[in-house]
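For reference, structure.tsv is printed below; it contains TSV, C-alpha atoms and all ligand atoms.
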chain	number	residue	atom	x	y	z
P	10	MET	CA	-89.10	-85.88	224.20
P	11	ILE	CA	-85.78	-86.25	225.95
P	12	ARG	CA	-82.60	-84.99	224.37
P	13	CYS	CA	-79.61	-87.02	225.37
P	14	GLY	CA	-77.09	-84.89	227.20
P	15	TYR	CA	-74.24	-86.88	225.72
P	16	CYS	CA	-74.93	-87.63	222.06
P	17	GLY	CA	-77.86	-85.28	221.45
P	18	HIS	CA	-80.16	-88.08	220.27
P	19	GLU	CA	-83.84	-87.24	220.84
P	20	PHE	CA	-86.13	-90.00	222.01
P	21	ALA	CA	-89.46	-90.51	223.72
P	22	GLU	CA	-89.33	-91.38	227.40
P	23	GLU	CA	-90.88	-94.78	226.61
P	24	GLU	CA	-88.07	-95.45	224.14
P	25	GLY	CA	-85.37	-94.96	226.72
P	26	ILE	CA	-84.15	-97.59	229.14
P	27	ARG	CA	-85.70	-96.87	232.52
P	28	SER	CA	-85.02	-97.48	236.18
P	29	CYS	CA	-81.89	-99.59	236.41
P	30	GLY	CA	-82.86	-100.54	239.98
P	31	LYS	CA	-79.23	-101.22	240.77
P	32	CYS	CA	-77.73	-97.86	241.57
P	33	GLY	CA	-79.44	-97.64	244.96
P	34	LYS	CA	-80.76	-94.11	244.61
P	35	PRO	CA	-83.43	-93.31	247.22
P	36	GLY	CA	-86.95	-93.91	245.93
P	37	GLY	CA	-85.69	-95.97	243.02
P	38	CYS	CA	-83.75	-94.79	240.00
P	39	ARG	CA	-85.77	-92.56	237.70
P	40	MET	CA	-83.08	-91.86	235.19
P	41	VAL	CA	-83.77	-92.65	231.54
P	42	ARG	CA	-80.96	-94.11	229.49
P	43	CYS	CA	-80.45	-93.07	225.90
P	44	PRO	CA	-81.15	-96.05	223.60
P	45	LYS	CA	-78.16	-95.09	221.48
P	46	CYS	CA	-75.31	-94.45	223.88
P	47	PHE	CA	-76.80	-95.55	227.25
P	48	TYR	CA	-76.02	-92.20	228.86
P	49	GLU	CA	-78.23	-91.61	231.90
P	50	ASN	CA	-80.50	-88.61	231.41
P	51	PRO	CA	-82.82	-87.10	234.02
P	52	PRO	CA	-86.49	-87.84	233.35
P	53	GLU	CA	-88.49	-85.39	231.27
P	54	ALA	CA	-89.82	-82.52	233.37
P	55	LYS	CA	-93.39	-82.12	232.25
P	56	ALA	CA	-95.15	-80.73	235.29
P	57	PRO	CA	-95.11	-77.00	235.92
P	58	LYS	CA	-94.32	-75.85	239.45
P	59	THR	CA	-97.94	-75.38	240.49
P	60	LEU	CA	-98.85	-78.89	239.41
P	61	ARG	CA	-95.88	-80.29	241.29
P	62	LYS	CA	-97.11	-78.60	244.45
P	63	VAL	CA	-100.48	-80.31	244.07
P	64	ILE	CA	-98.78	-83.67	243.54
P	65	ASP	CA	-96.69	-83.09	246.68
P	66	LEU	CA	-99.84	-82.37	248.66
P	67	LEU	CA	-101.50	-85.54	247.40
P	68	LYS	CA	-98.52	-87.62	248.43
P	69	LYS	CA	-98.74	-86.53	252.07
M	1	ZN	ZN	-77.12	-90.67	223.94
Show me this structure written as structure tokens.
Amino acid sequence: MIRCGYCGHEFAEEEGIRSCGKCGKPGGCRMVRCPKCFYENPPEAKAPKTLRKVIDLLKK
């Protein structure tokens, strides 16, 4: 679940409005907008550090 940093509404990542594709952030926008107030929240951080390291290795 993501808790909106603006209004405090909790929503599933799938419920939010994803990747605007317009803001020109490198690698594509990964922010998730709150369905209530449209505030941009950072995506849910699920992966622990060790798992992230493995993902980084796989990407290379
Ligand atoms: Zn909100």
**Asked** What is the distance, in Å and to one decimal place, between atom CA of Ile11 of chain P and atom CA of Cys38 of chain P?
**Response**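 These atoms are spaced 16.6 Å apart.
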* Which residues, written as a list of chain:residue names, have at least one atom at most 10 Å from Arg42 of chain P, with only C-alpha atoms counted and residues fewer than 4 positions away on the same chain left out? ->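 Here the answer would be P:Ile11, P:Cys13, P:Phe20, P:Glu22, P:Glu24, P:Gly25, P:Ile26, P:Arg27, P:Ser28, P:Cys29, P:Cys46, P:Phe47, P:Tyr48, P:Glu49, P:Asn50, P:Pro51, P:Pro52.
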Mind dumping the selected residues with C-alpha atoms as a compact mmCIF listing (two decimals), in the frame of the given file?
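Written file, result.txt:
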# COMPACT_ATOMS: atom_id res chain seq x y z
CA ILE P 11 -85.78 -86.25 225.95
CA CYS P 13 -79.61 -87.02 225.37
CA PHE P 20 -86.13 -90.00 222.01
CA GLU P 22 -89.33 -91.38 227.40
CA GLU P 24 -88.07 -95.45 224.14
CA GLY P 25 -85.37 -94.96 226.72
CA ILE P 26 -84.15 -97.59 229.14
CA ARG P 27 -85.70 -96.87 232.52
CA SER P 28 -85.02 -97.48 236.18
CA CYS P 29 -81.89 -99.59 236.41
CA CYS P 46 -75.31 -94.45 223.88
CA PHE P 47 -76.80 -95.55 227.25
CA TYR P 48 -76.02 -92.20 228.86
CA GLU P 49 -78.23 -91.61 231.90
CA ASN P 50 -80.50 -88.61 231.41
CA PRO P 51 -82.82 -87.10 234.02
CA PRO P 52 -86.49 -87.84 233.35
Among P:Arg39, P:Lys45, P:Lys62, P:Lys69, ligand ZN 1 (chain M) is approached most closely, using only C-alpha atoms and all ligand atoms, by P:Lys45
Exercise. Quick one: pull the distance between atom CA of Pro44 of chain P and atom CA of Arg12 of chain P, Å, one decimal.
Key: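 Answer for the atom CA of Pro44 of chain P to atom CA of Arg12 of chain P separation: 11.2 Å.
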| Interatomic distance, atom CA of Arg61 of chain P to atom CA of Val41 of chain P (Å, one decimal) |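 Computing the Euclidean distance for atom CA of Arg61 of chain P and atom CA of Val41 of chain P yields 19.9 Å.
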Worksheet entry | Counting all atoms listed in the file, the option among P:Thr59, P:Met40, P:Leu66, P:Cys16 closest to ligand ZN 1 (chain M) |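 Result for the nearest residue to ligand ZN 1 (chain M): P:Cys16.
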